[in-house]
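Here's the structure we're looking at; comments come further down.
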Amino acid sequence: MREGVKVASGDVIVFMDADGQHDPKEIQKLLEPIAQGDADFVIGKRVVKAGERPFIRKVSNFITTTLIRVKTGLKVEDSQSGFRAIKKEFLPEIKSDRYEVETEVLVKSAKMGARIVEVPISTRYDVETGHFKFEDIVRFLYVLIKY
């Protein structure tokens, strides 16, 4: 991600997980609030039918989002979504490597004064997706405390 950000030339950068979970056709949904002047940072809030999201994902997302709300005061519902658009001026230098990148960028951007909103996006959980490891939880907590 860091390399991609370095060479990106646009005013807005879109991030998207590479595991097939997100539909590239929905990028426009992320860009609209920025284009309309309503946001600086847009998070794609994953919408899934009841029972489709794996239980462990539900629990981990609830915990991480709750901790981020407490830390930042943001009223986000899906802090760990990898489908995002952000104005380059609010994109901080990324120092993290794995799943904690989402947390680092969100916390730092909030501190920079970015107007952060969420828009609903569809999500596929029927594809083989990445898995959190214990070390990812430790990294998340480290980033949350550090920034």
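By order in the structure tokens, chains are A, B, ...; within a chain, residues start at 1; ligands start at 1, following the order shown.
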So that I can see what lies close to segment 144-147 of chain A, please list as JSON, numbers by chain the residues with an atom at most 10 Å from it, counting only C-alpha atoms and leaving out residues fewer than 5 positions away in the same chain.
{"A": [64, 67, 68, 71, 72, 100, 103, 104, 105, 106, 107, 108, 111, 138, 139]}
Test item, strand (DSSP E) assignment across chain A, answer as a PyMOL selection string
chain A and resi 12-15+41-47+84-87+116-122
Got time to write the residues from that selection, C-alpha atoms, as an mmCIF file, in the first residue's frame?
```
data_model
loop_
_atom_site.group_PDB
_atom_site.id
_atom_site.type_symbol
_atom_site.label_atom_id
_atom_site.label_comp_id
_atom_site.auth_asym_id
_atom_site.auth_seq_id
_atom_site.Cartn_x
_atom_site.Cartn_y
_atom_site.Cartn_z
ATOM 1 C CA VAL A 12 -8.305 11.065 -4.140
ATOM 2 C CA ILE A 13 -6.944 7.593 -3.470
ATOM 3 C CA VAL A 14 -9.152 4.509 -3.368
ATOM 4 C CA PHE A 15 -8.153 1.455 -1.355
ATOM 5 C CA PHE A 41 -12.590 10.267 3.763
ATOM 6 C CA VAL A 42 -15.237 7.679 2.895
ATOM 7 C CA ILE A 43 -15.384 4.170 4.321
ATOM 8 C CA GLY A 44 -17.355 1.468 2.552
ATOM 9 C CA LYS A 45 -19.586 0.062 5.281
ATOM 10 C CA ARG A 46 -20.021 -3.628 4.543
ATOM 11 C CA VAL A 47 -23.648 -4.684 4.279
ATOM 12 C CA ARG A 84 -12.130 3.361 1.228
ATOM 13 C CA ALA A 85 -11.563 6.624 -0.581
ATOM 14 C CA ILE A 86 -9.570 9.472 0.916
ATOM 15 C CA LYS A 87 -8.411 12.867 -0.251
ATOM 16 C CA ILE A 116 -15.172 10.898 7.712
ATOM 17 C CA VAL A 117 -18.388 9.258 6.525
ATOM 18 C CA GLU A 118 -19.523 5.768 5.637
ATOM 19 C CA VAL A 119 -21.544 4.569 2.660
ATOM 20 C CA PRO A 120 -23.112 1.120 2.354
ATOM 21 C CA ILE A 121 -21.393 -1.337 0.030
ATOM 22 C CA SER A 122 -22.058 -4.952 -0.814
#
```
task = Step one, run DSSP on the backbone; step two, keep only residues of segment 1-114 of chain A assigned to helix (DSSP H, G or I); then write them as a VMD selection string.
result = chain A and resid 2 to 7 24 to 35 55 to 72 88 to 90 100 to 111
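The smallest atom-to-atom distance between Val59 of chain A and any of A:Gly20, A:Gln36, A:Phe90, A:Asp78, using only C-alpha atoms, is found for A:Asp78.
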>> Given only C-alpha atoms as the basis, pick out the residue of A:Asp19, A:Glu77, A:Ile94, A:Leu31 nearest to Thr65 of chain A.
In response: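 The closest residue to Thr65 of chain A is A:Glu77.
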Min atom-atom distance to Asp23 of chain A from the set A:Tyr99, A:Leu91, A:Ser60, A:Gly82, counting only C-alpha atoms, belongs to A:Gly82
